[in-house]
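**Student:** The structure file final.cif (mmCIF, C-alpha atoms) is provided below.
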data_entry
loop_
_atom_site.label_atom_id
_atom_site.label_comp_id
_atom_site.auth_asym_id
_atom_site.auth_seq_id
_atom_site.Cartn_x
_atom_site.Cartn_y
_atom_site.Cartn_z
CA MET D 1 16.84 39.89 8.29
CA GLU D 2 14.00 37.68 7.09
CA THR D 3 14.16 36.86 3.38
CA ALA D 4 11.17 36.53 1.11
CA ASN D 5 9.45 33.20 0.55
CA LEU D 6 11.10 31.81 -2.59
CA ALA D 7 8.16 29.52 -3.34
CA THR D 8 5.35 32.10 -3.43
CA ARG D 9 3.35 31.79 -6.66
CA ARG D 10 6.08 29.74 -8.31
CA PRO D 11 5.09 26.88 -10.72
CA ALA D 12 4.14 23.76 -8.78
CA LEU D 13 3.28 20.16 -9.64
CA GLN D 14 2.14 17.03 -7.80
CA SER D 15 2.14 13.30 -8.45
CA SER D 16 -1.64 12.98 -8.96
CA THR D 17 -5.04 14.45 -8.13
CA SER D 18 -8.13 12.99 -6.53
CA GLN D 19 -11.87 13.58 -6.23
CA TRP D 20 -11.14 15.98 -3.35
CA SER D 21 -8.66 18.11 -5.30
CA THR D 22 -9.34 21.77 -5.98
CA ASP D 23 -8.82 21.01 -9.67
CA ARG D 24 -8.15 17.83 -11.64
CA SER D 25 -5.04 19.42 -13.13
CA PRO D 26 -1.91 18.49 -11.08
CA THR D 27 -0.46 21.96 -11.67
CA VAL D 28 -3.59 23.87 -10.66
CA ASP D 29 -4.16 21.80 -7.52
CA ALA D 30 -0.47 22.01 -6.59
CA ALA D 31 -0.55 25.80 -6.90
CA VAL D 32 -2.80 25.95 -3.82
CA ALA D 33 0.28 25.39 -1.62
CA VAL D 34 2.23 28.39 -2.99
CA SER D 35 -0.55 30.98 -2.98
CA GLY D 36 1.13 32.75 -0.07
CA ASP D 37 -2.13 32.76 1.90
CA PRO D 38 -1.65 30.82 5.16
CA ALA D 39 -5.29 31.41 6.09
CA SER D 40 -6.61 29.74 2.94
CA PRO D 41 -9.09 26.92 3.68
CA ARG D 42 -7.93 25.01 0.58
CA PHE D 43 -5.48 22.09 0.51
CA LEU D 44 -3.77 20.27 -2.33
CA HIS D 45 -4.84 16.61 -2.45
CA THR D 46 -3.21 13.70 -4.29
CA ALA D 47 -4.66 10.28 -4.95
CA HIS D 48 -4.01 7.35 -2.60
CA GLU D 49 -0.67 5.96 -3.86
CA TYR D 50 2.86 4.93 -2.96
CA PHE D 51 4.92 7.91 -1.78
CA PRO D 52 2.83 10.78 -3.19
CA TRP D 53 4.77 13.99 -3.81
CA TRP D 54 4.42 17.71 -4.42
CA GLN D 55 7.09 20.00 -5.87
CA VAL D 56 7.85 23.63 -6.68
CA ASP D 57 10.16 25.28 -9.22
CA LEU D 58 12.05 28.19 -7.59
CA GLY D 59 13.07 29.51 -11.02
CA ARG D 60 16.83 29.16 -10.51
CA ALA D 61 19.24 27.41 -8.19
CA HIS D 62 19.18 28.68 -4.60
CA LEU D 63 20.96 27.77 -1.41
CA VAL D 64 17.89 26.88 0.65
CA ASN D 65 18.38 27.11 4.42
CA ARG D 66 14.84 26.71 5.72
CA VAL D 67 11.51 25.21 4.71
CA GLU D 68 8.18 25.72 6.47
CA ILE D 69 5.04 23.64 5.92
CA ASP D 70 1.53 24.46 7.10
CA ASN D 71 -0.13 21.09 7.58
CA ARG D 72 -3.80 20.22 7.46
CA PRO D 73 -4.81 20.80 11.11
CA ASP D 74 -7.73 18.36 11.17
CA MET D 75 -5.63 15.43 9.84
CA PRO D 76 -2.02 16.17 10.85
CA GLU D 77 -1.17 12.48 11.18
CA ARG D 78 -1.26 12.16 7.39
CA LEU D 79 1.92 14.23 7.12
CA CYS D 80 4.35 13.42 9.90
CA GLY D 81 6.84 11.28 7.99
CA PHE D 82 8.26 12.77 4.81
CA THR D 83 11.43 13.54 2.85
CA LEU D 84 12.45 16.84 1.33
CA LEU D 85 14.29 16.35 -1.96
CA GLY D 86 16.13 18.81 -4.18
CA SER D 87 16.90 18.90 -7.90
CA LEU D 88 18.66 21.19 -10.36
CA ASP D 89 16.88 19.89 -13.46
CA GLY D 90 13.57 18.46 -12.20
CA ARG D 91 14.70 14.93 -13.05
CA ALA D 92 17.63 13.91 -10.84
CA TRP D 93 16.61 14.23 -7.18
CA ARG D 94 18.80 14.27 -4.08
CA PRO D 95 17.34 13.68 -0.60
CA LEU D 96 17.99 16.76 1.55
CA GLN D 97 16.36 15.81 4.83
CA ARG D 98 14.14 13.04 6.20
CA PHE D 99 11.54 14.20 8.71
CA ARG D 100 9.57 11.90 11.04
CA VAL D 101 7.96 13.55 14.06
CA GLU D 102 4.75 13.68 16.03
CA PRO D 103 1.86 15.08 13.94
CA SER D 104 1.77 18.86 14.01
CA ALA D 105 -0.07 21.72 12.35
CA ARG D 106 3.24 23.25 11.26
CA TYR D 107 6.76 22.04 10.50
CA ARG D 108 9.99 23.97 10.24
CA LEU D 109 13.05 22.33 8.63
CA GLU D 110 16.45 23.94 9.08
CA LEU D 111 18.94 22.88 6.39
CA THR D 112 22.52 23.04 7.66
CA PRO D 113 24.48 23.53 5.51
CA PRO D 114 22.08 25.16 3.05
CA ALA D 115 21.01 22.84 0.21
CA LEU D 116 21.49 23.77 -3.43
CA ALA D 117 18.28 23.28 -5.42
CA ARG D 118 16.10 24.86 -8.08
CA TYR D 119 13.29 22.37 -7.52
CA LEU D 120 12.09 21.25 -4.10
CA ARG D 121 9.95 18.14 -3.67
CA LEU D 122 8.03 17.01 -0.60
CA ARG D 123 7.43 13.25 -0.62
CA ARG D 124 5.22 11.53 1.92
CA ASP D 125 7.09 8.42 3.05
CA GLU D 126 4.03 6.22 3.29
CA ARG D 127 1.33 4.83 1.08
CA GLY D 128 -1.61 7.21 1.20
CA HIS D 129 -2.81 10.69 0.27
CA LEU D 130 -0.69 13.82 0.45
CA HIS D 131 -2.35 17.08 1.42
CA PHE D 132 -1.18 20.21 3.21
CA ARG D 133 -1.99 23.91 3.17
CA GLN D 134 1.14 25.97 2.42
CA PHE D 135 4.81 25.51 1.58
CA ALA D 136 7.50 28.15 2.05
CA ALA D 137 11.23 28.09 1.27
CA PHE D 138 13.88 30.57 2.33
CA GLY D 139 17.46 31.13 1.21
CA GLU D 140 19.48 33.02 -1.35
CA ALA D 141 20.68 32.60 -4.92
CA GLY D 142 24.02 30.86 -4.96
CA ASP D 143 26.21 28.00 -6.04
CA ASP D 144 28.01 25.08 -4.44
CA THR D 145 30.43 23.03 -6.53
CA ARG D 146 30.38 20.03 -4.18
CA GLN D 147 26.61 19.76 -4.28
CA ARG D 148 26.59 20.16 -8.05
CA ASP D 149 28.97 17.21 -8.28
CA GLU D 150 26.55 15.11 -6.20
CA TYR D 151 23.73 15.94 -8.61
CA ARG D 152 25.93 15.03 -11.60
CA ALA D 153 26.53 11.59 -10.08
CA ILE D 154 22.76 11.06 -9.89
CA GLU D 155 22.24 12.37 -13.42
CA ALA D 156 24.89 9.96 -14.75
CA ALA D 157 22.82 7.03 -13.47
CA TRP D 158 19.97 7.93 -15.81
CA ALA D 159 21.63 6.30 -18.78
CA ALA D 160 20.92 2.61 -19.35
CA PRO D 161 23.95 0.43 -18.49
CA ALA D 162 26.31 -0.32 -21.36
CA GLY D 163 24.93 -3.04 -23.59
CA ARG D 164 21.40 -2.79 -22.15
CA ALA D 165 18.39 -1.53 -24.08
CA GLY D 166 15.42 -0.02 -22.26
CA ASP D 167 13.90 3.13 -20.88
CA ILE D 168 13.40 4.85 -17.54
CA ALA D 169 9.88 4.86 -16.12
CA ARG D 170 8.21 6.02 -12.92
CA VAL D 171 7.22 2.96 -10.84
CA GLY D 172 5.80 3.12 -7.32
CA GLY D 173 7.28 6.55 -6.72
CA PHE D 174 10.73 5.72 -8.14
CA ASP D 175 12.52 6.09 -11.48
CA LEU D 176 13.52 2.61 -12.68
CA LEU D 177 15.21 1.12 -15.71
CA ILE D 178 12.84 -1.20 -17.57
CA ALA D 179 15.24 -3.21 -19.70
CA GLN D 180 14.05 -5.06 -22.77
CA GLU D 181 15.79 -8.14 -21.36
CA TYR D 182 13.20 -8.30 -18.57
CA GLY D 183 10.60 -9.56 -21.02
CA ARG D 184 7.11 -8.38 -21.85
CA GLU D 185 5.39 -9.74 -18.73
CA ILE D 186 7.70 -8.06 -16.20
CA GLY D 187 7.89 -4.91 -18.32
CA HIS D 188 4.11 -4.63 -18.31
CA ALA D 189 3.86 -5.28 -14.55
CA LEU D 190 6.40 -2.53 -13.90
CA ARG D 191 4.66 -0.02 -16.14
CA VAL D 192 1.22 -0.54 -14.62
CA GLY D 193 2.60 -0.63 -11.07
CA SER D 194 1.56 -4.19 -10.17
CA TYR D 195 5.11 -5.55 -9.89
CA GLU D 196 5.79 -6.82 -6.35
CA ASP D 197 2.75 -4.88 -5.17
CA ARG D 198 1.97 -7.34 -2.37
CA GLU D 199 5.49 -7.16 -0.96
CA ARG D 200 5.49 -3.36 -1.17
CA GLY D 201 2.13 -3.25 0.57
CA LEU D 202 3.40 -5.43 3.42
CA VAL D 203 6.56 -3.34 3.75
CA THR D 204 4.63 -0.07 3.98
CA GLY D 205 2.10 -1.57 6.38
CA LEU D 206 4.39 -3.51 8.72
CA LEU D 207 7.76 -1.77 8.97
CA ARG D 208 8.49 0.35 12.03
CA PRO D 209 10.75 3.44 11.99
CA ASP D 210 13.46 1.71 14.06
CA ASP D 211 13.57 -1.51 11.98
CA ARG D 212 16.62 -2.68 10.05
CA VAL D 213 16.09 -4.81 6.92
CA LEU D 214 18.01 -7.64 5.31
CA GLU D 215 16.60 -8.39 1.86
CA VAL D 216 17.41 -11.54 -0.09
CA GLY D 217 16.50 -11.18 -3.77
CA THR D 218 17.02 -7.55 -4.79
CA ALA D 219 15.79 -7.79 -8.40
CA VAL D 220 15.24 -4.22 -9.67
CA GLY D 221 15.43 -2.81 -6.13
CA LEU D 222 11.83 -1.64 -5.88
CA VAL D 223 11.13 -3.31 -2.52
CA SER D 224 14.51 -2.15 -1.16
CA MET D 225 13.71 1.47 -2.00
CA THR D 226 10.21 1.16 -0.57
CA ALA D 227 11.73 0.04 2.73
CA ALA D 228 14.41 2.73 2.54
CA CYS D 229 11.78 5.46 2.24
CA LEU D 230 10.25 4.32 5.52
CA ILE D 231 13.32 3.62 7.65
CA GLY D 232 16.24 5.23 5.80
CA PRO D 233 18.62 3.81 3.13
CA ASP D 234 21.34 3.18 5.71
CA ARG D 235 19.06 0.67 7.47
CA VAL D 236 18.58 -1.57 4.40
CA VAL D 237 21.04 -4.21 3.10
CA THR D 238 20.18 -6.32 0.06
CA PHE D 239 21.64 -9.35 -1.76
CA ASP D 240 21.05 -10.83 -5.21
CA ALA D 241 22.95 -13.65 -6.91
CA ASN D 242 22.37 -12.24 -10.41
CA PRO D 243 25.21 -9.85 -11.34
CA ALA D 244 23.15 -8.07 -14.01
CA MET D 245 20.27 -7.43 -11.62
CA THR D 246 22.63 -6.27 -8.87
CA ALA D 247 24.07 -3.74 -11.33
CA ASP D 248 20.59 -2.61 -12.40
CA ALA D 249 19.47 -2.23 -8.78
CA ARG D 250 22.56 -0.22 -7.85
CA ALA D 251 21.91 2.07 -10.81
CA ASN D 252 18.28 2.44 -9.72
CA PHE D 253 19.40 3.33 -6.20
CA ALA D 254 21.78 5.98 -7.57
CA ARG D 255 19.13 7.27 -9.95
CA ASN D 256 16.84 7.88 -6.99
CA GLY D 257 19.54 9.30 -4.71
CA MET D 258 19.51 6.33 -2.31
CA HIS D 259 22.70 4.92 -0.81
CA ILE D 260 21.53 1.34 -0.19
CA SER D 261 24.16 -1.36 0.37
CA ALA D 262 23.72 -3.99 -2.37
CA TYR D 263 25.83 -7.15 -2.73
CA CYS D 264 26.05 -9.77 -5.45
CA GLY D 265 26.10 -13.32 -4.14
CA ALA D 266 24.06 -16.11 -2.55
CA LEU D 267 23.31 -16.31 1.16
CA THR D 268 23.65 -19.73 2.76
CA PRO D 269 22.98 -20.88 6.35
CA ARG D 270 25.97 -21.18 8.67
CA SER D 271 25.56 -24.98 8.80
CA ARG D 272 26.48 -25.20 5.09
CA PHE D 273 28.68 -22.13 4.68
CA ALA D 274 32.36 -22.50 3.75
CA PRO D 275 34.53 -19.38 3.38
CA GLY D 276 35.44 -18.81 -0.25
CA ALA D 277 32.87 -21.29 -1.56
CA ARG D 278 30.91 -20.50 -4.70
CA LEU D 279 27.60 -21.80 -6.05
CA ALA D 280 26.16 -22.36 -9.51
CA PHE D 281 23.47 -19.86 -10.49
CA TYR D 282 21.28 -20.19 -13.56
CA VAL D 283 20.78 -16.85 -15.29
CA SER D 284 17.49 -16.75 -17.19
CA PRO D 285 16.79 -14.14 -19.88
CA GLN D 286 13.77 -13.27 -17.68
CA PHE D 287 15.46 -12.42 -14.38
CA TRP D 288 12.58 -13.67 -12.23
CA ALA D 289 13.26 -17.23 -13.42
CA SER D 290 16.96 -17.16 -12.43
CA ARG D 291 17.82 -19.42 -9.49
CA LEU D 292 20.45 -21.55 -7.77
CA VAL D 293 20.77 -24.93 -9.53
CA GLU D 294 23.28 -27.69 -10.20
CA GLU D 295 26.04 -26.69 -12.59
CA GLY D 296 25.01 -26.87 -16.23
CA GLU D 297 24.30 -24.85 -19.34
CA GLY D 298 23.50 -21.21 -18.64
CA THR D 299 24.99 -21.21 -15.11
CA ILE D 300 27.59 -18.90 -13.65
CA SER D 301 29.62 -19.14 -10.45
CA VAL D 302 28.63 -16.72 -7.68
CA PRO D 303 30.19 -16.03 -4.26
CA THR D 304 28.46 -17.09 -1.06
CA PHE D 305 27.81 -15.18 2.16
CA CYS D 306 26.90 -16.57 5.57
CA PHE D 307 23.29 -15.66 6.33
CA GLU D 308 23.71 -15.44 10.09
CA GLU D 309 26.85 -13.33 9.83
CA GLU D 310 25.25 -10.90 7.37
CA ARG D 311 22.10 -10.59 9.48
CA ALA D 312 24.23 -9.80 12.52
CA ARG D 313 26.43 -7.38 10.54
CA ALA D 314 23.33 -5.47 9.40
CA ASN D 315 21.73 -5.82 12.86
CA ALA D 316 18.58 -6.67 10.91
CA ASN D 317 15.36 -7.55 12.67
CA VAL D 318 13.31 -7.83 9.45
CA LEU D 319 13.95 -10.31 6.62
CA ILE D 320 12.45 -9.85 3.16
CA CYS D 321 12.95 -12.96 1.02
CA ASP D 322 12.05 -13.54 -2.64
CA ILE D 323 14.50 -15.96 -4.28
CA GLU D 324 12.40 -18.12 -6.60
CA GLY D 325 12.37 -21.30 -4.51
CA GLY D 326 15.78 -20.80 -2.89
CA GLU D 327 13.98 -19.91 0.34
CA ILE D 328 13.76 -23.61 1.20
CA ASP D 329 17.50 -24.31 1.22
CA LEU D 330 18.21 -21.01 2.98
CA LEU D 331 15.59 -20.86 5.73
CA MET D 332 15.12 -24.54 6.62
CA GLU D 333 18.56 -24.58 8.26
CA ALA D 334 19.09 -20.90 9.09
CA ASP D 335 19.22 -19.51 12.61
CA LEU D 336 16.57 -16.78 12.58
CA SER D 337 17.43 -15.31 15.97
CA GLY D 338 16.97 -11.58 16.17
CA LEU D 339 14.23 -11.39 13.56
CA ARG D 340 10.82 -10.04 14.54
CA LEU D 341 9.31 -10.10 11.03
CA VAL D 342 9.75 -12.18 7.87
CA ILE D 343 8.12 -11.15 4.60
CA LEU D 344 8.34 -14.23 2.41
CA GLU D 345 7.28 -14.92 -1.16
CA THR D 346 6.73 -18.65 -1.57
CA HIS D 347 7.22 -20.54 -4.85
CA VAL D 348 5.18 -23.73 -4.81
CA TRP D 349 5.53 -23.94 -8.59
CA ALA D 350 9.30 -24.31 -8.19
CA VAL D 351 9.72 -26.43 -5.04
CA GLY D 352 6.35 -28.10 -4.50
CA ALA D 353 3.70 -27.84 -1.80
CA ALA D 354 5.29 -30.39 0.57
CA ARG D 355 8.60 -28.51 0.90
CA THR D 356 6.81 -25.17 1.20
CA ASP D 357 4.55 -26.58 3.94
CA ALA D 358 7.61 -27.93 5.75
CA LEU D 359 9.22 -24.48 5.69
CA ILE D 360 6.12 -22.82 7.12
CA ARG D 361 6.00 -25.44 9.90
CA LYS D 362 9.65 -24.76 10.67
CA LEU D 363 9.03 -21.01 10.91
CA VAL D 364 6.08 -21.58 13.24
CA LEU D 365 8.20 -23.84 15.45
CA ASP D 366 10.82 -21.06 15.48
CA GLY D 367 8.20 -18.86 17.15
CA PHE D 368 6.70 -17.03 14.17
CA ALA D 369 2.96 -16.60 13.67
CA ILE D 370 1.38 -16.06 10.27
CA ASP D 371 -0.31 -12.66 10.05
CA LEU D 372 -3.54 -13.85 8.45
CA ASP D 373 -4.87 -10.32 8.01
CA VAL D 374 -2.27 -9.45 5.37
CA SER D 375 -0.84 -12.75 4.05
CA GLY D 376 -2.10 -14.34 0.84
CA HIS D 377 -1.52 -15.04 -2.83
CA GLY D 378 1.82 -16.70 -2.18
CA VAL D 379 3.24 -13.94 0.03
CA ALA D 380 3.33 -14.45 3.79
CA ALA D 381 4.07 -12.10 6.67
CA LEU D 382 5.32 -13.97 9.74
CA ARG D 383 5.87 -12.13 13.02
CA ARG D 384 6.98 -12.87 16.55
#
Would you mind giving the structure from this file in structure tokens?

**Tutor:**
Amino acid sequence: METANLATRRPALQSSTSQWSTDRSPTVDAAVAVSGDPASPRFLHTAHEYFPWWQVDLGRAHLVNRVEIDNRPDMPERLCGFTLLGSLDGRAWRPLQRFRVEPSARYRLELTPPALARYLRLRRDERGHLHFRQFAAFGEAGDDTRQRDEYRAIEAAWAAPAGRAGDIARVGGFDLLIAQEYGREIGHALRVGSYEDRERGLVTGLLRPDDRVLEVGTAVGLVSMTAACLIGPDRVVTFDANPAMTADARANFARNGMHISAYCGALTPRSRFAPGARLAFYVSPQFWASRLVEEGEGTISVPTFCFEEERARANANVLICDIEGGEIDLLMEADLSGLRLVILETHVWAVGAARTDALIRKLVLDGFAIDLDVSGHGVAALRR
């Protein structure tokens, strides 16, 4: 027997509105999708942004077994890759199903087993607008202890790590800790959304659904999660030599319900790798200034990993590298076989123009071409 649509005329919300929205209020515009009228000519419409979303409050927790979405028929390609997320409190979200198919006027998602959720969120897994006509959810009121435990694990990640002061803010579609230790400059860049914007733009524009990513320089994990939205968290592996930042990134991944493999340590090329070796790493109060250096005041000892072995283990064909000048020592001697794309932030201020130029020449001789359409401002995309 067909059950009633649980979403009909329930409170709804969306990430933003635009000049094409029915109303400038995110709640009024979002309500278009739960009117229950599949023939309505109106569509909700967010602004152009990273991972725009729309959500509905079902009123209480339900075991949802099916979701149906009426797309915008004249622009179906704008909603063919998305994730359905669930929440019990409207704050801690758990991915329920990723969906990437050929554009269609209508989508039907079967959830097996049924997913426990009071709130359902539809997130477009691209940078752009989100608009569709109607959203319907079907299921029954119920409970599931196992799923509640999964939500509690996400909720626990909302607290700042012990000994850290800061707050949680929405950045680029994700909930991130902005610790006071990051400093005013990084804190401001995170709050206004400009932090690592070029790298995020290249990731959203250049990644393919079947790519696998090795990232060197996790920082807060924003670029990692951007990639994970596009290709799946299980296809992203990330490394950072700063233990505090690795811990923050792991907490950010958990806070956003993403199981991304994150390791603390420094990658070195096979030609200089020795099992069990450790390197000196300078930890700056502003994490972006931390880097591998000679031993001295303010340094810690970090483990090393072989770059070639880790790339092969991850089966990565895309490298994202932002390690504050450490890219020279890593990539000048590394075997880059298997990579089709390198997204590289250069640091002339740290290593000088001559060494940076030498690295670019080496990459070109390795068969990479600079994508001039998208490279600039110290960030290069190199493809082969």

**Student:** Near region 35-42 of chain D, within 7 Å and counting all atoms listed in the file, which residues show up once chain neighbours fewer than 5 positions away are dropped, as a count of residues only?

**Tutor:** 4

**Student:** If you apply the PyMOL selection byres ((chain D and resi 79-93) around 8) to this file, what residues do you get, as a VMD selection string?

**Tutor:** chain D and resid 61 71 76 to 78 94 to 104 115 to 126 130 to 132 151 154 to 155 255 to 257

**Student:** D:Arg235, D:Arg152, D:Arg361, D:Arg72: which is nearest Phe135 (chain D), counting only C-alpha atoms?

**Tutor:**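 Of the candidates, the smallest distance to Phe135 (chain D) is held by D:Arg72.
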
**Student:** Which residues, written as a VMD selection string, have at least one atom at most 8 Å from Asp234 (chain D), with all atoms listed in the file counted and residues fewer than 4 positions away on the same chain left out?

**Tutor:** chain D and resid 228 259 to 261

**Student:** One decimal, in Å: what's the spacing between CA of Asp329 (chain D) and CA of Arg383 (chain D)?

**Tutor:** 20.6 Å

**Student:** Quick one, how far is CA of Pro26 (chain D) from CA of Thr46 (chain D)?

**Tutor:**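 That distance, rounded to one decimal, is 8.4 Å.
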